[in-house]
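*Asks:* If it helps, the file is called my_file.txt and holds compact mmCIF, C-alpha atoms:
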```txt
# COMPACT_ATOMS: atom_id res chain seq x y z
CA MET A 1 -20.05 -10.81 -6.35
CA LYS A 2 -23.16 -11.27 -8.50
CA ASN A 3 -26.59 -12.88 -8.38
CA GLN A 4 -26.90 -12.39 -4.64
CA GLU A 5 -29.90 -13.92 -2.95
CA LYS A 6 -30.64 -14.32 0.74
CA SER A 7 -28.77 -17.61 1.02
CA LYS A 8 -26.38 -17.75 -1.97
CA ALA A 9 -24.26 -15.58 -4.24
CA HIS A 10 -21.75 -15.89 -7.08
CA PHE A 11 -18.28 -14.95 -5.86
CA PHE A 12 -15.38 -13.92 -8.13
CA VAL A 13 -12.16 -13.71 -6.13
CA VAL A 14 -8.37 -13.81 -6.07
CA LYS A 15 -7.38 -17.14 -4.45
CA LYS A 16 -3.59 -16.84 -4.75
CA ILE A 17 -0.97 -14.22 -5.52
CA ASN A 18 2.27 -15.64 -6.93
CA ASP A 19 1.09 -19.13 -5.89
CA LYS A 20 0.57 -18.10 -2.24
CA ALA A 21 -2.98 -18.63 -0.91
CA ILE A 22 -4.74 -15.56 0.49
CA PHE A 23 -7.83 -15.11 2.66
CA GLU A 24 -10.63 -14.28 0.24
CA SER A 25 -14.23 -13.04 0.39
CA GLY A 26 -15.85 -16.49 0.41
CA GLN A 27 -13.81 -17.54 3.43
CA SER A 28 -14.54 -14.24 5.16
CA THR A 29 -18.26 -14.62 4.42
CA ARG A 30 -18.32 -18.18 5.77
CA SER A 31 -16.60 -17.11 9.02
CA TYR A 32 -18.82 -14.05 9.52
CA ASN A 33 -22.07 -15.94 8.89
CA SER A 34 -21.32 -19.09 10.88
CA GLY A 35 -24.42 -20.05 12.89
CA ARG A 36 -26.79 -17.72 11.00
CA GLY A 37 -28.59 -20.53 9.17
CA ARG A 38 -29.80 -19.76 5.66
CA GLU A 39 -29.28 -15.99 5.95
CA MET A 40 -26.00 -14.76 4.51
CA ILE A 41 -24.40 -11.32 4.61
CA PRO A 42 -21.46 -11.31 2.17
CA GLN A 43 -18.13 -9.97 3.42
CA ILE A 44 -15.82 -8.52 0.79
CA GLU A 45 -12.04 -8.63 1.23
CA PHE A 46 -9.83 -5.82 -0.11
CA ARG A 47 -6.04 -5.69 -0.19
CA SER A 48 -3.21 -3.57 -1.50
CA VAL A 49 -0.69 -5.15 -3.85
CA PRO A 50 2.67 -3.91 -5.16
CA THR A 51 2.98 -2.38 -8.62
CA GLU A 52 5.02 -5.21 -10.08
CA GLU A 53 4.23 -8.12 -12.39
CA MET A 54 2.48 -10.88 -10.46
CA LYS A 55 0.55 -14.07 -11.11
CA PHE A 56 -3.03 -14.05 -9.81
CA THR A 57 -5.08 -17.22 -9.44
CA LEU A 58 -8.73 -16.26 -9.85
CA ALA A 59 -11.83 -18.28 -9.00
CA GLY A 60 -15.55 -18.03 -9.56
CA TYR A 61 -18.06 -20.09 -7.61
CA VAL A 62 -21.50 -20.23 -6.04
CA HIS A 63 -21.27 -19.62 -2.31
CA PHE A 64 -24.12 -21.02 -0.18
CA ALA A 65 -25.08 -19.96 3.33
CA THR A 66 -25.13 -23.56 4.58
CA ASP A 67 -23.23 -26.73 3.76
CA GLY A 68 -26.54 -28.53 3.24
CA GLN A 69 -27.46 -26.18 0.40
CA ALA A 70 -24.10 -26.79 -1.26
CA LEU A 71 -24.46 -30.54 -0.87
CA PHE A 72 -27.73 -30.64 -2.86
CA SER A 73 -27.07 -27.84 -5.35
CA ASN A 74 -25.12 -27.28 -8.54
CA ASP A 75 -22.01 -25.69 -7.05
CA LYS A 76 -20.30 -24.38 -10.18
CA TYR A 77 -16.58 -23.63 -9.79
CA ILE A 78 -14.03 -22.26 -12.24
CA GLU A 79 -10.44 -21.21 -11.71
CA GLY A 80 -7.79 -19.60 -13.88
CA GLU A 81 -4.54 -17.68 -13.85
CA VAL A 82 -3.51 -14.29 -15.18
CA ILE A 83 -0.23 -12.38 -15.06
CA PHE A 84 -0.34 -8.60 -15.00
CA THR A 85 1.17 -5.51 -13.40
CA PRO A 86 -1.25 -3.42 -11.31
CA LYS A 87 -1.00 0.38 -11.56
CA ALA A 88 -0.38 2.53 -8.48
CA ASN A 89 -3.50 3.98 -6.81
CA TYR A 90 -5.86 1.88 -8.93
CA TYR A 91 -8.71 -0.33 -7.77
CA TYR A 92 -9.26 -3.70 -9.47
CA GLN A 93 -11.87 -6.41 -9.07
CA VAL A 94 -12.40 -9.93 -10.34
CA ASN A 95 -15.51 -10.47 -12.42
CA GLY A 96 -16.93 -13.25 -14.52
CA ASN A 97 -19.84 -15.51 -15.25
CA LEU A 98 -20.64 -19.10 -14.40
CA GLU A 99 -22.60 -19.98 -17.54
CA GLU A 100 -22.57 -23.71 -18.39
CA GLU A 101 -21.36 -23.31 -21.98
CA ASN A 102 -18.82 -20.51 -21.57
CA PRO A 103 -17.70 -19.78 -17.99
CA GLN A 104 -15.29 -16.83 -17.82
CA LEU A 105 -13.09 -14.92 -15.40
CA TRP A 106 -11.36 -11.57 -15.86
CA ILE A 107 -10.00 -8.58 -13.94
CA GLU A 108 -11.60 -5.14 -14.32
CA ASP A 109 -10.11 -1.77 -13.42
CA GLN A 110 -11.89 0.88 -11.39
CA ASP A 111 -13.67 2.17 -14.52
CA GLY A 112 -15.10 -1.25 -15.42
CA ASN A 113 -12.63 -1.90 -18.25
CA ARG A 114 -11.32 -5.43 -18.67
CA ILE A 115 -7.59 -5.21 -18.17
CA GLN A 116 -7.02 -8.76 -19.44
CA GLU A 117 -8.78 -11.01 -21.84
CA VAL A 118 -10.58 -13.95 -20.31
CA VAL A 119 -8.09 -15.92 -18.24
CA ARG A 120 -6.99 -19.44 -19.11
CA LEU A 121 -9.27 -21.75 -17.13
CA ILE A 122 -7.40 -24.44 -15.22
CA SER A 123 -10.44 -26.28 -13.85
CA ASN A 124 -14.13 -26.42 -14.56
```
Can the structure from this file be put into structure tokens for me?
*Replies:*
Amino acid sequence: MKNQEKSKAHFFVVKKINDKAIFESGQSTRSYNSGRGREMIPQIEFRSVPTEEMKFTLAGYVHFATDGQALFSNDKYIEGEVIFTPKANYYYQVNGNLEEENPQLWIEDQDGNRIQEVVRLISN
């Protein structure tokens, strides 16, 4: 998550593992903050994954506290896929940017190293 303000933030998440949808931080944040108006407290989802080659569908988007904000705002969204094998006892996170000219997504290891080049974007 980046660029967090009181009522919006940029989320970079895993949406699917091996083409199976998973509950991600944006969904968790929406559920937790339902009825809070324009105040948003982000909720971050963590999960363990096996140490085998898998396909991860990543997404980056602006998450707004209310549907009204999203309706009248530039709600940038990018999505891409990457295949990699996680190491045992390692922590990984999705990162990226939502710049107009060059939006990017990637996975970083626990030391902040990119473990993959920028993923192939499948929507913009």
*Asks:* What's the separation between CA of Glu100 in chain A and CA of Phe84 in chain A, in Å to one decimal place?
*Replies:*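 For CA of Glu100 in chain A relative to CA of Phe84 in chain A, the distance reads 27.1 Å.
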*Asks:* Counting all atoms listed in the file, figure out which residue out of A:Thr51, A:Asn33, A:Thr57, A:Asn102 gets nearest to Lys20 in chain A.
*Replies:*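 Ranking A:Thr51, A:Asn33, A:Thr57, A:Asn102 by distance to Lys20 in chain A, first place goes to A:Thr57.
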*Asks:* Ranking A:Thr85, A:Asn97, A:Ser25, A:Ser31 by minimum distance to Ile115 in chain A and counting all atoms listed in the file, which one comes first?
*Replies:*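 Of A:Thr85, A:Asn97, A:Ser25, A:Ser31, the one nearest Ile115 in chain A, counting all atoms listed in the file, is A:Thr85.
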*Asks:* Find the residues around Arg114 in chain A up to 10 Å (only C-alpha atoms counted), leave out those fewer than 6 positions away in its own chain, and share them as an mmCIF file with C-alpha atoms, keeping the file's coordinate frame.
*Replies:*
```cif
data_model
loop_
_atom_site.group_PDB
_atom_site.id
_atom_site.type_symbol
_atom_site.label_atom_id
_atom_site.label_comp_id
_atom_site.auth_asym_id
_atom_site.auth_seq_id
_atom_site.Cartn_x
_atom_site.Cartn_y
_atom_site.Cartn_z
ATOM 1 C CA TYR A 92 -9.260 -3.700 -9.470
ATOM 2 C CA GLN A 93 -11.870 -6.410 -9.070
ATOM 3 C CA VAL A 94 -12.400 -9.930 -10.340
ATOM 4 C CA ASN A 95 -15.510 -10.470 -12.420
ATOM 5 C CA TRP A 106 -11.360 -11.570 -15.860
ATOM 6 C CA ILE A 107 -10.000 -8.580 -13.940
ATOM 7 C CA GLU A 108 -11.600 -5.140 -14.320
#
```
*Asks:* Calculate how many Å separate CA of Tyr61 in chain A from CA of Asn18 in chain A, rounding to one decimal.
*Replies:* 20.8 Å
*Asks:* Fix up range 40-52 of chain A with N, CA and C atoms, then write it as a PDB file, in the frame of the given file.
*Replies:*
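Saved the output as part.pdb:
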```
ATOM      1  N   MET A  40     -27.418 -15.026   4.749  1.00  0.00           N
ATOM      2  CA  MET A  40     -26.000 -14.760   4.510  1.00  0.00           C
ATOM      3  C   MET A  40     -25.791 -13.280   4.214  1.00  0.00           C
ATOM      4  N   ILE A  41     -24.818 -12.693   4.883  1.00  0.00           N
ATOM      5  CA  ILE A  41     -24.400 -11.320   4.610  1.00  0.00           C
ATOM      6  C   ILE A  41     -22.974 -11.401   4.072  1.00  0.00           C
ATOM      7  N   PRO A  42     -22.794 -11.187   2.755  1.00  0.00           N
ATOM      8  CA  PRO A  42     -21.460 -11.310   2.170  1.00  0.00           C
ATOM      9  C   PRO A  42     -20.462 -10.326   2.783  1.00  0.00           C
ATOM     10  N   GLN A  43     -19.229 -10.787   2.921  1.00  0.00           N
ATOM     11  CA  GLN A  43     -18.130  -9.970   3.420  1.00  0.00           C
ATOM     12  C   GLN A  43     -17.084  -9.889   2.317  1.00  0.00           C
ATOM     13  N   ILE A  44     -16.734  -8.709   1.909  1.00  0.00           N
ATOM     14  CA  ILE A  44     -15.820  -8.520   0.790  1.00  0.00           C
ATOM     15  C   ILE A  44     -14.435  -8.148   1.320  1.00  0.00           C
ATOM     16  N   GLU A  45     -13.425  -8.877   0.848  1.00  0.00           N
ATOM     17  CA  GLU A  45     -12.040  -8.630   1.230  1.00  0.00           C
ATOM     18  C   GLU A  45     -11.370  -7.697   0.223  1.00  0.00           C
ATOM     19  N   PHE A  46     -10.613  -6.738   0.717  1.00  0.00           N
ATOM     20  CA  PHE A  46      -9.830  -5.820  -0.110  1.00  0.00           C
ATOM     21  C   PHE A  46      -8.375  -5.935   0.325  1.00  0.00           C
ATOM     22  N   ARG A  47      -7.449  -5.699  -0.579  1.00  0.00           N
ATOM     23  CA  ARG A  47      -6.040  -5.690  -0.190  1.00  0.00           C
ATOM     24  C   ARG A  47      -5.239  -4.848  -1.170  1.00  0.00           C
ATOM     25  N   SER A  48      -4.160  -4.307  -0.673  1.00  0.00           N
ATOM     26  CA  SER A  48      -3.210  -3.570  -1.500  1.00  0.00           C
ATOM     27  C   SER A  48      -2.180  -4.553  -2.034  1.00  0.00           C
ATOM     28  N   VAL A  49      -1.731  -4.300  -3.253  1.00  0.00           N
ATOM     29  CA  VAL A  49      -0.690  -5.150  -3.850  1.00  0.00           C
ATOM     30  C   VAL A  49       0.375  -4.241  -4.455  1.00  0.00           C
ATOM     31  N   PRO A  50       1.602  -4.727  -4.567  1.00  0.00           N
ATOM     32  CA  PRO A  50       2.670  -3.910  -5.160  1.00  0.00           C
ATOM     33  C   PRO A  50       2.447  -3.698  -6.658  1.00  0.00           C
ATOM     34  N   THR A  51       3.083  -2.677  -7.183  1.00  0.00           N
ATOM     35  CA  THR A  51       2.980  -2.380  -8.620  1.00  0.00           C
ATOM     36  C   THR A  51       4.115  -3.079  -9.354  1.00  0.00           C
ATOM     37  N   GLU A  52       4.039  -4.385  -9.380  1.00  0.00           N
ATOM     38  CA  GLU A  52       5.020  -5.210 -10.080  1.00  0.00           C
ATOM     39  C   GLU A  52       4.271  -6.377 -10.715  1.00  0.00           C
TER      40      GLU A  52
END
```
